[in-house]
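Report on the structure given below.
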Amino acid sequence: MSSPDIVSILDNSKELDRVRKEQEDILSEINKLHKKLQATPEVVEKPGDNSLARLKFLYTQAKELSESEASISNLLINQIDALLPTGPQGQTRRRIEGNEQKRKRVKTESDISRLTPSMRGQLEACANLKGEQVAARVTPRNADKDEWFVVKVIHFDKESKEFEVLDEEPGDDEESSGQRQYKLPMANIIPFPKSNDPSSAQDFPPGRHVLAVYPGTTALYKATVVQGHRRRKTEDYVLEFDDDEEDGSLPQRTVPFHKVVPLPEGHRQ
């Protein structure tokens with residue numbers, strides 16, 4: 001073991017520390033921007049706002065820093081392996097096989113740990129939805145229209161980032177008899193606001209398009225908010241559902257605030 005080898009390892013370790021410190025700063029700025037957009041999503045529609053461009057720039061920096069961290073870490077591993085005594089051939093083989101098995105065991109944990117704090121928090125939030133009712137798109141992306149239903153979350157797999165959900169009331173027709181179970185990606189799930197926690201609900205102004213549970217069903221459809229400004233977040237919404245025409249006009253329907261969610265981008269109906 002030579003001094004130059006140790007010096008090189010220490011230098012690379014300092015560089016790794018620097019990269020990780022820079023990652024923390026970038027992730028902190030990303031989290032602040034996430035909170036801003038979650039609190040006031042309409043800000044991106046204002047002329048001159050550069051929130052999305054700034055977010056893209058930060059994501060790019062975070063990606064480059066993550067790749068640098070992986071590159072330096074691999075270099076350090078190789079440097080340290082070169083200095084470690086290999087021992088007898090059989091012992092070396094067992095050590096390598098043991099390391100490979102260990103890598104397989106911790107793959108999921110390491111993949112999650114390398115995610116941004118925001119993404120890790122999102123995965124935890126998804127896992128905490130177990131037993132909750134959520135809005136779920138159960139149709140594939142290439143379908144002619146999107147179908148959204150109220151389903152119950154059975155499980156969330158952090159590795160595959162998929163939900164297992166149960167449609168407890170799939171319909172009255174013969175083909176839909178009995179409960180149905182689906183595996184769906186995160187993008188197909190929208191959590192409902194909690195009925196006992198109005199702070200978790202967005203406040204949709206009149207004229208805003210939303211996705212809402214049609215009264216008396218477990219299906220969600222596109223609707224437009226028509227009621228004037230609500231005094232409290234707990235007040236019901238008055239909505240006009242698309243394709244709900246009666247006698248040449250759209251009837252106004254009352255829907256509880258915790259059964260109304262933002263209209264997904266690119267919704268097809």
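Residue names in the structure tokens use chain letters A, B, ... in the order shown, residue numbers from 1 in each chain, and ligand numbers from 1 in the order shown.
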
Exercise. Name the residues in contact with Ile154 of chain A at a cut-off of 8 Å, using only C-alpha atoms, excluding same-chain residues fewer than 6 positions from it; report them as an NGL selection string.
Key: :A and (130-131 or 163-166)

Practice problem: Please provide as a PyMOL selection string all residues within 9 Å of segment 240-243 of chain A, with the sequence filter that same-chain residues fewer than 6 positions apart are discarded (counting only C-alpha atoms). | Solution: chain A and resi 212+214+221-226+250-254+269

Write out, as a tab-separated table, each residue of segment 162-231 of chain A that has an atom at most 10 Å from segment 124-129 of chain A, together with the closest pair of atoms and their distance in Å to one decimal, counting only C-alpha atoms, rows going by chain and rising number.
residue	atom	partner	partner_atom	distance
A:Glu162	CA	A:Cys126	CA	9.4
A:Phe163	CA	A:Cys126	CA	8.3
A:Met186	CA	A:Cys126	CA	8.1
A:Ile189	CA	A:Cys126	CA	9.3
A:Ile190	CA	A:Cys126	CA	10.0
A:Pro191	CA	A:Leu129	CA	7.9

Quiz item: Leaving out Phe204 of chain A and any residue of its chain fewer than 5 positions from it, which residues lie within 9 Å of it when counting only C-alpha atoms, given as an MDAnalysis selection string?
Solution: chainID A and resid 209:210 225 237 262

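The neighbours of Arg137 of chain A here are the residues that come within 6 Å of it, using only C-alpha atoms and leaving out any residue fewer than 2 positions away in the same chain; they are Thr139, Glu147, Trp148 and Asn188 of chain A.
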
Quiz item: Hey, what's within 8 Å of segment 71-75 of chain A if we count only C-alpha atoms and toss same-chain stuff fewer than 2 positions away? As a ChimeraX atom specification, please?
Solution: /A:12,15-16,67-69,77-79

Exercise. Report the distance between atom CA of Thr218 of chain A and atom CA of Pro170 of chain A in Å, rounded to one decimal place.
Key: 8.3 Å

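Remark: for Val150 of chain A, the closest of the candidate residues A:Ala82, A:Arg208, A:Arg180, A:Leu220 is A:Leu220 (distances computed over only C-alpha atoms).
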
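With distances restricted to only C-alpha atoms, A:Val134 is the closest residue to Leu184 of chain A from A:Lys145, A:Glu245, A:Gly216, A:Val134.
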
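Minimum atom-to-atom distance to Leu27 of chain A, evaluated using only C-alpha atoms, belongs to A:Met119 out of A:Ala39, A:Val138, A:Met119, A:Val238.
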
Quiz item: What are the DSSP helix (DSSP H, G or I) residues of segment 169-221 of chain A, as an MDAnalysis selection string?
Solution: chainID A and resid 174:176 186:188 198:200

So that I have them on file, write out the residues from the current selection with all heavy atoms, as a PDB file, in the first residue's frame.
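Listed below is the output, again_3.pdb:
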ATOM      1  N   GLU A 174     -73.172  -7.480 -16.625  1.00  0.00           N
ATOM      2  CA  GLU A 174     -72.702  -8.836 -16.365  1.00  0.00           C
ATOM      3  C   GLU A 174     -71.184  -8.946 -16.450  1.00  0.00           C
ATOM      4  O   GLU A 174     -70.552  -9.638 -15.673  1.00  0.00           O
ATOM      5  CB  GLU A 174     -73.353  -9.799 -17.376  1.00  0.00           C
ATOM      6  CG  GLU A 174     -74.857  -9.944 -17.184  1.00  0.00           C
ATOM      7  CD  GLU A 174     -75.438 -10.910 -18.193  1.00  0.00           C
ATOM      8  OE1 GLU A 174     -74.668 -11.468 -18.991  1.00  0.00           O
ATOM      9  OE2 GLU A 174     -76.663 -11.118 -18.182  1.00  0.00           O
ATOM     10  N   GLU A 175     -70.590  -8.239 -17.423  1.00  0.00           N
ATOM     11  CA  GLU A 175     -69.151  -8.335 -17.599  1.00  0.00           C
ATOM     12  C   GLU A 175     -68.391  -7.698 -16.439  1.00  0.00           C
ATOM     13  O   GLU A 175     -67.235  -7.983 -16.213  1.00  0.00           O
ATOM     14  CB  GLU A 175     -68.739  -7.656 -18.915  1.00  0.00           C
ATOM     15  CG  GLU A 175     -69.286  -8.361 -20.141  1.00  0.00           C
ATOM     16  CD  GLU A 175     -68.819  -7.687 -21.412  1.00  0.00           C
ATOM     17  OE1 GLU A 175     -68.087  -6.682 -21.313  1.00  0.00           O
ATOM     18  OE2 GLU A 175     -69.185  -8.160 -22.494  1.00  0.00           O
ATOM     19  N   SER A 176     -69.032  -6.811 -15.711  1.00  0.00           N
ATOM     20  CA  SER A 176     -68.354  -6.089 -14.644  1.00  0.00           C
ATOM     21  C   SER A 176     -68.725  -6.598 -13.257  1.00  0.00           C
ATOM     22  O   SER A 176     -68.488  -5.932 -12.272  1.00  0.00           O
ATOM     23  CB  SER A 176     -68.689  -4.584 -14.742  1.00  0.00           C
ATOM     24  OG  SER A 176     -68.273  -4.070 -15.976  1.00  0.00           O
ATOM     25  N   MET A 186     -47.940   5.250 -10.883  1.00  0.00           N
ATOM     26  CA  MET A 186     -48.221   6.424 -10.055  1.00  0.00           C
ATOM     27  C   MET A 186     -49.012   7.478 -10.826  1.00  0.00           C
ATOM     28  O   MET A 186     -49.876   8.159 -10.251  1.00  0.00           O
ATOM     29  CB  MET A 186     -46.905   7.027  -9.547  1.00  0.00           C
ATOM     30  CG  MET A 186     -46.174   6.161  -8.545  1.00  0.00           C
ATOM     31  SD  MET A 186     -44.509   6.799  -8.176  1.00  0.00           S
ATOM     32  CE  MET A 186     -44.873   8.420  -7.513  1.00  0.00           C
ATOM     33  N   ALA A 187     -48.711   7.625 -12.127  1.00  0.00           N
ATOM     34  CA  ALA A 187     -49.363   8.659 -12.928  1.00  0.00           C
ATOM     35  C   ALA A 187     -50.858   8.435 -13.068  1.00  0.00           C
ATOM     36  O   ALA A 187     -51.591   9.358 -13.436  1.00  0.00           O
ATOM     37  CB  ALA A 187     -48.713   8.736 -14.308  1.00  0.00           C
ATOM     38  N   ASN A 188     -51.340   7.222 -12.796  1.00  0.00           N
ATOM     39  CA  ASN A 188     -52.766   6.894 -12.935  1.00  0.00           C
ATOM     40  C   ASN A 188     -53.553   7.105 -11.650  1.00  0.00           C
ATOM     41  O   ASN A 188     -54.738   6.768 -11.593  1.00  0.00           O
ATOM     42  CB  ASN A 188     -52.934   5.441 -13.394  1.00  0.00           C
ATOM     43  CG  ASN A 188     -52.579   5.242 -14.851  1.00  0.00           C
ATOM     44  OD1 ASN A 188     -51.669   5.866 -15.359  1.00  0.00           O
ATOM     45  ND2 ASN A 188     -53.297   4.360 -15.527  1.00  0.00           N
ATOM     46  N   PRO A 198     -59.559  19.958   5.490  1.00  0.00           N
ATOM     47  CA  PRO A 198     -59.763  20.835   4.326  1.00  0.00           C
ATOM     48  C   PRO A 198     -58.471  21.453   3.802  1.00  0.00           C
ATOM     49  O   PRO A 198     -58.403  21.831   2.626  1.00  0.00           O
ATOM     50  CB  PRO A 198     -60.699  21.925   4.867  1.00  0.00           C
ATOM     51  CG  PRO A 198     -61.343  21.323   6.073  1.00  0.00           C
ATOM     52  CD  PRO A 198     -60.333  20.387   6.662  1.00  0.00           C
ATOM     53  N   SER A 199     -57.434  21.541   4.634  1.00  0.00           N
ATOM     54  CA  SER A 199     -56.181  22.154   4.189  1.00  0.00           C
ATOM     55  C   SER A 199     -55.514  21.337   3.084  1.00  0.00           C
ATOM     56  O   SER A 199     -54.661  21.844   2.351  1.00  0.00           O
ATOM     57  CB  SER A 199     -55.211  22.310   5.370  1.00  0.00           C
ATOM     58  OG  SER A 199     -54.828  21.035   5.874  1.00  0.00           O
ATOM     59  N   SER A 200     -55.906  20.054   2.966  1.00  0.00           N
ATOM     60  CA  SER A 200     -55.313  19.199   1.930  1.00  0.00           C
ATOM     61  C   SER A 200     -56.001  19.379   0.583  1.00  0.00           C
ATOM     62  O   SER A 200     -55.594  18.771  -0.408  1.00  0.00           O
ATOM     63  CB  SER A 200     -55.398  17.728   2.351  1.00  0.00           C
ATOM     64  OG  SER A 200     -56.753  17.303   2.437  1.00  0.00           O
TER      65      SER A 200
END

Quiz item: What gap, in Å, lies between atom CA of Ile30 of chain A and atom CA of Leu58 of chain A?
Solution: 6.6 Å

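Counting only C-alpha atoms, the residue from A:Thr217, A:Ser13, A:Leu211, A:Asp144 that sits nearest to Glu169 of chain A is A:Thr217.
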
Self-check item: Contact residues around Leu65 of chain A with only C-alpha atoms at 9 Å, ignoring same-chain residues under 6 positions, as a ChimeraX atom specification
Solution: /A:19-20,22-23

Quiz item: Pick the closest to Ile9 of chain A from A:Phe57, A:Pro206, A:Asp81, A:Lys21: which is it, counting only C-alpha atoms?
Solution: A:Asp81

Exercise. Could you please determine the separation between atom CA of Asp167 of chain A and atom CA of Gln133 of chain A in Å, to one decimal place?
Key: 9.7 Å
